[in-house]
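So this block is my_file_31.tsv, TSV, C-alpha atoms:
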chain	number	residue	atom	x	y	z
A	875	MET	CA	0.00	0.00	0.00
A	876	VAL	CA	1.18	3.50	-0.86
A	877	THR	CA	-0.98	6.49	-0.13
A	878	VAL	CA	-0.67	9.79	-1.97
A	879	ALA	CA	-2.22	12.87	-0.38
A	880	LEU	CA	-3.40	15.49	-2.85
A	881	ASP	CA	-3.01	18.40	-0.49
A	882	LEU	CA	-1.66	21.75	-1.66
A	883	ASP	CA	-0.68	22.36	1.96
A	884	PRO	CA	1.17	19.22	3.09
A	885	SER	CA	0.49	19.99	6.74
A	886	LYS	CA	-3.22	19.34	6.13
A	887	ALA	CA	-2.34	15.77	5.20
A	888	THR	CA	0.44	15.15	7.70
A	889	GLU	CA	-1.84	15.76	10.66
A	890	TRP	CA	-4.04	12.88	9.46
A	891	ILE	CA	-1.00	10.74	8.70
A	892	ALA	CA	0.40	11.34	12.16
A	893	ALA	CA	-2.90	10.32	13.72
A	894	ALA	CA	-3.04	7.11	11.69
A	895	SER	CA	0.58	6.06	12.29
A	896	PRO	CA	0.75	4.04	9.05
A	897	THR	CA	3.50	1.59	8.28
A	898	HIS	CA	3.28	2.07	4.51
A	899	PRO	CA	4.85	4.87	2.47
A	900	THR	CA	2.81	8.06	2.75
A	901	LEU	CA	3.46	10.47	-0.09
A	902	ILE	CA	2.43	14.06	-0.75
A	903	ASP	CA	1.39	15.28	-4.22
A	904	SER	CA	0.71	18.96	-3.67
A	905	HIS	CA	0.10	19.83	-7.32
A	906	HIS	CA	-1.92	16.72	-8.20
A	907	LEU	CA	0.62	15.22	-10.56
A	908	VAL	CA	-1.21	11.89	-10.33
A	909	ASP	CA	-4.09	13.49	-12.20
A	910	VAL	CA	-1.84	14.16	-15.18
A	911	HIS	CA	0.25	10.99	-15.07
A	912	LEU	CA	-2.20	8.38	-13.77
A	913	GLY	CA	-5.61	9.83	-14.70
A	914	ILE	CA	-6.80	10.39	-11.15
A	915	ASN	CA	-9.72	12.84	-11.00
A	916	ASN	CA	-11.17	12.43	-7.50
A	917	VAL	CA	-10.41	10.92	-4.12
A	918	PRO	CA	-10.34	8.28	-2.94
A	919	MET	CA	-9.15	6.56	-6.08
A	920	ALA	CA	-6.58	3.84	-6.58
A	921	VAL	CA	-4.46	2.13	-9.20
A	922	TRP	CA	-2.92	-1.31	-8.97
A	923	ILE	CA	0.75	-1.68	-9.92
A	924	ASP	CA	2.45	-5.01	-10.46
A	925	GLU	CA	5.97	-5.99	-9.52
A	926	SER	CA	7.43	-4.61	-12.75
A	927	GLY	CA	5.92	-1.17	-12.23
A	928	THR	CA	3.09	-1.76	-14.70
A	929	LEU	CA	-0.47	-0.70	-14.06
A	930	VAL	CA	-2.91	-3.62	-13.98
A	931	ARG	CA	-5.98	-1.51	-13.19
A	932	PRO	CA	-6.80	2.07	-14.23
A	933	PRO	CA	-7.82	4.74	-11.70
A	934	GLU	CA	-11.06	3.74	-9.99
A	935	SER	CA	-12.99	4.84	-6.93
A	936	ALA	CA	-11.34	3.06	-4.03
A	937	SER	CA	-13.59	2.13	-1.15
A	938	ILE	CA	-13.04	-1.10	0.75
A	939	GLU	CA	-15.69	-0.54	3.39
A	940	PRO	CA	-19.25	0.69	2.90
A	941	SER	CA	-19.45	4.31	3.97
A	942	PRO	CA	-21.43	4.94	7.17
A	943	LEU	CA	-22.95	7.93	5.36
A	944	ARG	CA	-25.04	5.50	3.32
A	945	ASP	CA	-26.84	4.32	6.43
A	946	MET	CA	-27.44	7.81	7.73
A	947	GLU	CA	-31.10	8.71	8.00
A	948	VAL	CA	-32.14	11.83	6.13
A	949	THR	CA	-34.63	13.33	8.58
A	950	ASP	CA	-37.14	16.09	8.00
A	951	ASP	CA	-35.45	18.41	10.48
A	952	LEU	CA	-32.25	18.64	8.46
A	953	PRO	CA	-31.64	21.90	6.58
A	954	GLU	CA	-32.86	21.49	3.01
A	955	ARG	CA	-29.43	21.71	1.36
A	956	MET	CA	-27.93	19.27	3.83
A	957	ALA	CA	-30.78	16.84	3.34
A	958	LEU	CA	-30.35	17.03	-0.42
A	959	MET	CA	-26.61	16.50	-0.09
A	960	PHE	CA	-26.99	13.43	2.12
A	961	THR	CA	-29.66	12.06	-0.22
A	962	GLU	CA	-27.23	12.26	-3.12
A	963	VAL	CA	-24.35	10.81	-1.09
A	964	LYS	CA	-26.49	7.78	-0.36
A	965	LYS	CA	-26.75	7.21	-4.12
A	966	PHE	CA	-22.99	6.89	-4.67
A	967	PRO	CA	-22.22	3.56	-6.36
A	968	ASP	CA	-20.94	1.23	-3.66
A	969	VAL	CA	-18.94	-1.82	-4.60
A	970	ALA	CA	-16.67	-1.65	-1.57
A	971	GLU	CA	-16.93	-5.29	-0.60
A	972	ASP	CA	-16.44	-6.49	-4.18
A	973	TYR	CA	-13.47	-4.17	-4.63
A	974	ARG	CA	-11.88	-5.39	-1.43
A	975	ALA	CA	-12.33	-9.00	-2.57
A	976	ALA	CA	-10.84	-8.15	-5.96
A	977	ILE	CA	-7.74	-6.70	-4.32
A	978	ALA	CA	-7.35	-9.82	-2.21
A	979	ASP	CA	-7.74	-11.99	-5.31
A	980	TRP	CA	-5.00	-10.08	-7.11
A	981	VAL	CA	-2.69	-10.21	-4.11
A	982	GLU	CA	-3.07	-13.98	-4.06
A	983	LYS	CA	-3.07	-14.75	-7.77
A	984	GLY	CA	-1.11	-11.91	-9.35
A	985	SER	CA	-1.39	-11.82	-13.14
A	986	ASP	CA	-3.67	-14.88	-13.02
A	987	SER	CA	-6.33	-12.84	-11.24
A	988	ARG	CA	-9.21	-12.00	-13.55
A	989	PHE	CA	-9.09	-8.51	-12.12
A	990	ALA	CA	-5.54	-7.87	-13.36
A	991	LEU	CA	-5.79	-6.27	-16.79
A	992	GLU	CA	-3.39	-6.28	-19.71
A	993	PRO	CA	-1.64	-2.97	-20.46
A	994	HIS	CA	-3.81	-2.22	-23.50
A	995	GLU	CA	-6.91	-2.90	-21.39
A	996	VAL	CA	-5.71	-0.55	-18.67
A	997	ILE	CA	-5.11	2.21	-21.19
A	998	ALA	CA	-8.46	1.67	-22.90
A	999	ALA	CA	-10.26	1.70	-19.54
A	1000	SER	CA	-8.82	5.05	-18.53
A	1001	LEU	CA	-10.94	8.11	-19.12
A	1002	PRO	CA	-10.78	10.13	-22.34
A	1003	ARG	CA	-8.43	13.09	-22.36
A	1004	PRO	CA	-9.56	15.78	-24.81
A	1005	LEU	CA	-7.60	18.99	-25.28
A	1006	ASP	CA	-9.84	20.74	-22.73
A	1007	HIS	CA	-8.58	18.37	-20.04
A	1008	SER	CA	-4.99	19.19	-20.98
A	1009	ARG	CA	-5.91	22.84	-20.70
A	1010	ALA	CA	-7.45	22.23	-17.28
A	1011	ALA	CA	-4.27	20.52	-16.10
A	1012	ALA	CA	-2.16	23.44	-17.29
A	1013	LEU	CA	-4.49	25.97	-15.65
A	1014	PHE	CA	-4.56	24.06	-12.38
A	1015	ALA	CA	-0.77	23.77	-12.35
A	1016	LEU	CA	-0.42	27.47	-13.05
A	1017	GLY	CA	-2.83	28.21	-10.23
A	1018	CYS	CA	-0.87	26.04	-7.82
A	1019	HIS	CA	2.36	27.77	-8.82
A	1020	LEU	CA	0.78	31.18	-8.26
A	1021	HIS	CA	-0.71	30.03	-4.94
A	1022	ASP	CA	2.75	29.00	-3.78
A	1023	THR	CA	4.63	32.05	-5.08
A	1024	VAL	CA	2.16	34.94	-5.11
A	1025	GLY	CA	-0.85	33.97	-3.04
A	1026	LYS	CA	-4.24	32.31	-3.20
A	1027	ASP	CA	-6.03	35.22	-4.85
A	1028	ALA	CA	-3.68	35.05	-7.82
A	1029	ALA	CA	-4.54	31.39	-8.26
A	1030	ILE	CA	-8.32	31.60	-8.13
A	1031	PRO	CA	-8.92	32.94	-11.68
A	1032	PHE	CA	-6.90	30.09	-13.14
A	1033	TRP	CA	-8.50	27.47	-10.95
A	1034	LYS	CA	-11.92	28.71	-12.04
A	1035	GLN	CA	-10.91	28.25	-15.66
A	1036	ALA	CA	-9.54	24.78	-14.85
A	1037	HIS	CA	-12.87	23.78	-13.33
A	1038	ALA	CA	-14.75	24.99	-16.40
A	1039	ALA	CA	-12.39	23.16	-18.76
A	1040	HIS	CA	-12.68	19.84	-16.89
A	1041	PRO	CA	-15.87	19.79	-14.80
A	1042	GLU	CA	-15.46	16.10	-13.97
A	1043	ASN	CA	-12.12	16.64	-12.25
A	1044	TRP	CA	-13.06	16.83	-8.61
A	1045	THR	CA	-9.54	17.12	-7.22
A	1046	TYR	CA	-9.09	20.44	-9.00
A	1047	LYS	CA	-12.41	21.65	-7.62
A	1048	ARG	CA	-12.33	20.30	-4.09
A	1049	GLN	CA	-8.72	21.40	-3.53
A	1050	ALA	CA	-9.45	24.96	-4.61
A	1051	TRP	CA	-12.78	25.12	-2.80
A	1052	THR	CA	-11.44	23.88	0.51
A	1053	LEU	CA	-9.20	26.94	0.73
A	1054	GLU	CA	-12.37	29.05	0.77
A	1055	SER	CA	-14.84	26.92	2.67
A	1056	THR	CA	-12.84	25.28	5.44
A	1057	PRO	CA	-13.07	27.21	8.68
A	1058	ALA	CA	-9.77	28.09	10.27
A	1059	GLY	CA	-8.61	25.30	12.51
A	1060	GLU	CA	-10.89	22.70	10.93
A	1061	SER	CA	-9.64	19.88	8.76
A	1062	SER	CA	-12.24	20.18	6.00
A	1063	ASP	CA	-15.72	21.28	5.10
A	1064	MET	CA	-17.85	18.56	3.53
A	1065	ALA	CA	-20.45	20.89	2.03
A	1066	GLN	CA	-17.99	23.19	0.26
A	1067	GLU	CA	-20.45	25.99	-0.44
A	1068	VAL	CA	-18.16	28.41	-2.28
A	1069	THR	CA	-20.71	30.65	-3.96
A	1070	ASP	CA	-18.86	33.87	-3.19
A	1071	SER	CA	-15.53	32.90	-4.73
A	1072	TYR	CA	-16.51	30.29	-7.28
A	1073	GLY	CA	-20.23	30.79	-7.79
A	1074	THR	CA	-21.08	27.18	-7.02
A	1075	SER	CA	-20.86	24.38	-4.46
A	1076	TRP	CA	-19.98	20.71	-4.34
A	1077	LEU	CA	-23.68	19.81	-4.28
A	1078	ASP	CA	-24.61	22.04	-7.22
A	1079	ASP	CA	-21.75	20.81	-9.37
A	1080	MET	CA	-22.49	17.19	-8.53
A	1081	LEU	CA	-26.15	17.63	-9.42
A	1082	ALA	CA	-25.20	19.36	-12.66
A	1083	LEU	CA	-23.14	16.33	-13.64
A	1084	GLY	CA	-25.90	13.83	-12.92
A	1085	GLY	CA	-26.10	13.49	-9.15
A	1086	GLY	CA	-24.89	10.85	-6.76
A	1087	ASP	CA	-25.60	7.95	-9.10
A	1088	THR	CA	-22.86	9.10	-11.48
A	1089	TYR	CA	-20.35	10.43	-8.95
A	1090	GLY	CA	-16.99	8.72	-8.99
A	1091	THR	CA	-15.45	6.09	-11.26
A	1092	ARG	CA	-17.02	2.81	-10.25
A	1093	PRO	CA	-14.62	-0.15	-10.52
A	1094	ALA	CA	-15.56	-2.30	-13.47
A	1095	LEU	CA	-15.33	-5.67	-11.75
B	1181	MET	CA	5.21	22.41	-16.58
B	1182	ILE	CA	5.60	26.08	-15.69
B	1183	LEU	CA	7.68	28.27	-17.99
B	1184	ASP	CA	8.65	31.90	-18.29
B	1185	SER	CA	9.46	31.58	-21.98
B	1186	LEU	CA	8.06	29.66	-24.94
B	1187	THR	CA	11.57	28.69	-26.01
B	1188	VAL	CA	13.25	26.15	-23.76
B	1189	ASP	CA	16.18	23.84	-23.92
B	1190	PRO	CA	15.37	20.24	-24.85
B	1191	GLU	CA	16.51	18.86	-21.50
B	1192	ALA	CA	14.11	21.08	-19.58
B	1193	PHE	CA	11.27	20.20	-21.96
B	1194	ALA	CA	11.98	16.51	-21.51
B	1195	ALA	CA	12.14	16.84	-17.74
B	1196	GLY	CA	8.85	18.69	-17.62
B	1197	THR	CA	6.83	16.75	-20.17
B	1198	GLY	CA	8.57	13.41	-20.71
B	1199	TRP	CA	9.04	14.18	-24.41
B	1200	LYS	CA	12.60	14.01	-25.65
B	1201	SER	CA	14.00	15.59	-28.80
B	1202	THR	CA	15.58	12.93	-31.02
B	1203	PRO	CA	16.50	12.65	-34.71
B	1204	GLU	CA	13.13	10.92	-35.17
B	1205	GLY	CA	11.26	13.83	-33.63
B	1206	LEU	CA	9.72	14.28	-30.20
B	1207	CYS	CA	9.62	10.91	-28.47
B	1208	LYS	CA	8.07	9.55	-25.31
B	1209	GLY	CA	8.51	5.88	-24.59
B	1210	ALA	CA	7.93	4.01	-27.82
B	1211	GLN	CA	6.02	6.88	-29.43
B	1212	CYS	CA	7.72	9.39	-31.71
B	1213	VAL	CA	6.14	12.39	-33.43
B	1214	PRO	CA	8.04	14.10	-36.27
B	1215	ALA	CA	8.23	17.76	-35.31
B	1216	PRO	CA	11.00	19.58	-37.20
B	1217	GLU	CA	9.12	22.84	-36.78
B	1218	ALA	CA	9.39	22.48	-33.01
B	1219	ILE	CA	13.20	22.71	-33.06
B	1220	THR	CA	14.68	26.18	-33.45
B	1221	ALA	CA	17.85	26.97	-35.40
B	1222	ALA	CA	19.65	27.12	-32.05
B	1223	GLY	CA	18.47	23.65	-31.11
B	1224	GLN	CA	15.91	24.84	-28.59
B	1225	ILE	CA	12.31	23.70	-28.31
B	1226	ASP	CA	9.65	26.01	-29.73
B	1227	VAL	CA	7.00	25.21	-27.11
B	1228	SER	CA	4.05	26.47	-29.12
B	1229	ALA	CA	5.01	24.36	-32.11
B	1230	ALA	CA	5.76	21.31	-29.99
B	1231	ALA	CA	2.52	21.64	-28.07
B	1232	SER	CA	0.58	21.90	-31.30
B	1233	LYS	CA	2.13	18.69	-32.61
B	1234	LEU	CA	1.52	16.85	-29.34
B	1235	ASN	CA	-1.97	18.21	-28.66
B	1236	MET	CA	-0.80	19.84	-25.47
B	1237	ALA	CA	-2.58	22.90	-24.16
B	1238	VAL	CA	-0.51	25.99	-23.41
B	1239	VAL	CA	-1.96	28.64	-21.13
B	1240	GLU	CA	-0.57	32.05	-20.27
B	1241	ASP	CA	-0.58	34.33	-17.27
B	1242	THR	CA	0.27	37.68	-18.84
B	1243	GLN	CA	0.38	39.47	-15.49
B	1244	HIS	CA	3.19	37.33	-14.14
B	1245	GLY	CA	4.86	36.42	-17.42
B	1246	LEU	CA	4.24	32.70	-17.04
B	1247	PHE	CA	3.09	29.85	-19.20
B	1248	ALA	CA	1.95	26.35	-18.32
B	1249	ILE	CA	1.85	23.27	-20.53
B	1250	GLY	CA	-0.73	20.54	-20.10
B	1251	PRO	CA	-0.25	16.86	-20.94
B	1252	GLU	CA	-0.68	15.42	-24.42
B	1253	SER	CA	-4.31	14.83	-25.33
B	1254	GLY	CA	-6.59	13.37	-27.96
B	1255	GLY	CA	-6.71	9.84	-26.62
B	1256	ARG	CA	-7.03	8.44	-23.14
B	1257	ALA	CA	-5.73	9.77	-19.85
B	1258	LEU	CA	-3.24	6.89	-19.82
B	1259	THR	CA	-0.95	6.61	-22.83
B	1260	THR	CA	1.11	3.85	-21.28
B	1261	ALA	CA	0.60	1.32	-18.51
B	1262	THR	CA	4.16	1.88	-17.29
B	1263	VAL	CA	4.03	3.92	-14.12
B	1264	PRO	CA	6.21	7.03	-14.46
B	1265	ASP	CA	8.73	7.86	-11.78
B	1266	LEU	CA	6.83	10.83	-10.42
B	1267	ALA	CA	8.70	13.48	-8.43
B	1268	LEU	CA	6.87	13.04	-5.14
B	1269	THR	CA	7.98	13.39	-1.54
B	1270	ASP	CA	7.05	11.42	1.51
B	1271	SER	CA	5.31	13.01	4.45
B	1272	ASP	CA	8.67	13.95	5.95
B	1273	GLY	CA	9.58	15.88	2.84
B	1274	ASN	CA	12.09	13.35	1.50
B	1275	PRO	CA	12.12	12.45	-2.21
B	1276	PHE	CA	10.41	9.15	-2.93
B	1277	SER	CA	10.75	7.10	-6.09
B	1278	LEU	CA	7.90	4.82	-7.10
B	1279	THR	CA	10.47	2.64	-8.85
B	1280	SER	CA	11.84	1.77	-5.41
B	1281	LEU	CA	8.73	-0.38	-5.02
B	1282	HIS	CA	9.55	-2.63	-7.97
B	1283	GLY	CA	9.40	-6.27	-6.96
B	1284	ARG	CA	6.18	-5.81	-4.97
B	1285	LYS	CA	2.54	-5.40	-5.83
B	1286	VAL	CA	1.43	-1.88	-5.02
B	1287	LEU	CA	-2.02	-0.51	-4.28
B	1288	LEU	CA	-1.55	3.23	-4.77
B	1289	VAL	CA	-4.39	5.15	-3.16
B	1290	ALA	CA	-4.97	8.86	-3.76
B	1291	TRP	CA	-6.69	10.69	-0.90
B	1292	ALA	CA	-6.85	14.18	0.59
B	1293	SER	CA	-7.70	15.99	3.79
B	1294	TRP	CA	-10.52	17.72	1.95
Take the structure in the file and give it back as structure tokens.
Amino acid sequence: MVTVALDLDPSKATEWIAAASPTHPTLIDSHHLVDVHLGINNVPMAVWIDESGTLVRPPESASIEPSPLRDMEVTDDLPERMALMFTEVKKFPDVAEDYRAAIADWVEKGSDSRFALEPHEVIAASLPRPLDHSRAAALFALGCHLHDTVGKDAAIPFWKQAHAAHPENWTYKRQAWTLESTPAGESSDMAQEVTDSYGTSWLDDMLALGGGDTYGTRPAL
Amino acid sequence: MILDSLTVDPEAFAAGTGWKSTPEGLCKGAQCVPAPEAITAAGQIDVSAAASKLNMAVVEDTQHGLFAIGPESGGRALTTATVPDLALTDSDGNPFSLTSLHGRKVLLVAWASW
């Protein structure tokens, strides 16, 4: 296991890492290089790599345990937006148990596992990359550079353009939004209502792209 | 790749994009794209010309005099199943090479605090 934290500010990730005390390598990818080089576009996502350094599965949503959010009751006393958000979250495709079993099968059987794909299959299963997505990657990288060297406000115009060029890339969105929506001293803000700075929110963008049913890249098992 | 000029030396272009200038053209792995127009008389890379040949987006920040190049496009997000040796660091800030994991199966999981 290797984990890669897509946190522009590494300290946001290291506080979680310290709490978990993992024994596996814990890496930091502040500028989301794995999006460009591995096709990651949300978290949590995973790729499988064999002993020769070859991908045997493309980037896919990586859950190995059903989320407790799915069992959460959406009650009438919840604020409307929160109720709608939780309703959509409960629709997320959940193949956690199957995915966990697939990993175990591959660990045991290696290339003989039916879940281990050939290189051409891995490439074909990765998402399309039109020129707009290349543009989004360039804009996001430019924004990160400006964030690091000039300041957040210099980055925002480029991150906005990145989001428009690749609406399905949630790491570009959620990373930028968290800088606006997360209260000081908190680790994150699940709702990410960033209307003032970005004119949208996580819920609105998710609904615009089809809602919870289509969120994430479901493993094709 | 962040640039302050649209003319760069081939080594820098290769380091930033993975595309090397060879007699066959611009090459990455087993793929080569003839691109004579992307090589200047001084042997530098004309980034606009190279990006056009490779379907890479180039964006500009005129206020700060910067450019950024996106990855090649027109196909799939993955152009190879060989994992690149990404320049990442571990949580202590030390460089970490994914190739150091060769010999073992690896489940690489991307996550974030947000």
Mind working out the centre and edge lengths of an axis-aligned box for range 895-911 of chain A, all listed atoms inside, 3 Å added to each side, rounded to one decimal in Å and written as AutoDock Vina command-line options?
--center_x 0.4 --center_y 10.7 --center_z -1.4 --size_x 14.9 --size_y 24.2 --size_z 33.5
Quiz prompt | Contact residues (chain B, partner chain A, 9 Å, all atoms listed in the file) as a PyMOL selection string | solution = chain B and resi 1181-1182+1235-1241+1244+1246-1264+1266-1273+1276+1278-1279+1281-1294
Self-check item: Protein and nucleic acid residues near (-15.5, -4.3, -6.0) (cut-off 9 Å, all atoms listed in the file) as a list in words
Solution: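 Here is the list of nearby residues: Ala936, Ser937, Ile938, Asp968, Val969, Ala970, Glu971, Asp972, Tyr973, Arg974, Ala975, Ala976, Ile977, Arg1092, Pro1093, Ala1094 and Leu1095 of chain A.
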Quiz item: Contacts of range 1219-1225 of chain B at 6 Å or less, counting all atoms listed in the file, minus same-chain residues fewer than 4 places along, as a ChimeraX atom specification?
Solution: /B:1187-1190
Practice problem: Enter the distance from CA of Lys965 in chain A to CA of Asp1087 in chain A, in Å, rounded to one decimal. | Solution: 5.2 Å
Exercise. Do a neighbour search on Gln1211 in chain B at 12 Å with only C-alpha atoms, toss out local chain neighbours closer than 5 positions, and write the hits as a PyMOL selection string.
Key: chain B and resi 1198-1202+1204-1206+1234+1252+1259-1260
How about saving the chosen residues, C-alpha atoms kept, as a CSV table (one decimal), in the coordinates of the input?
chain,number,residue,atom,x,y,z
B,1198,GLY,CA,8.6,13.4,-20.7
B,1199,TRP,CA,9.0,14.2,-24.4
B,1200,LYS,CA,12.6,14.0,-25.6
B,1201,SER,CA,14.0,15.6,-28.8
B,1202,THR,CA,15.6,12.9,-31.0
B,1204,GLU,CA,13.1,10.9,-35.2
B,1205,GLY,CA,11.3,13.8,-33.6
B,1206,LEU,CA,9.7,14.3,-30.2
B,1234,LEU,CA,1.5,16.8,-29.3
B,1252,GLU,CA,-0.7,15.4,-24.4
B,1259,THR,CA,-1.0,6.6,-22.8
B,1260,THR,CA,1.1,3.8,-21.3
Quiz prompt | Given only C-alpha atoms as the counted atoms, nearest of A:Glu1054, A:Ala1029, A:Thr1023, A:Phe966 to Thr1088 in chain A | solution =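 Comparing A:Glu1054, A:Ala1029, A:Thr1023, A:Phe966 against Thr1088 in chain A, the winner is A:Phe966.
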Practice problem: Report the distance between CA of Cys1018 in chain A and CA of Ala1195 in chain B in Å, rounded to one decimal place. | Solution: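 Separation between CA of Cys1018 in chain A and CA of Ala1195 in chain B: 18.8 Å.
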Self-check item: Point-to-point distance in Å for CA of Glu1042 in chain A and CA of Thr1069 in chain A
Solution: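 Separation of CA of Thr1069 in chain A and CA of Glu1042 in chain A: 18.4 Å.
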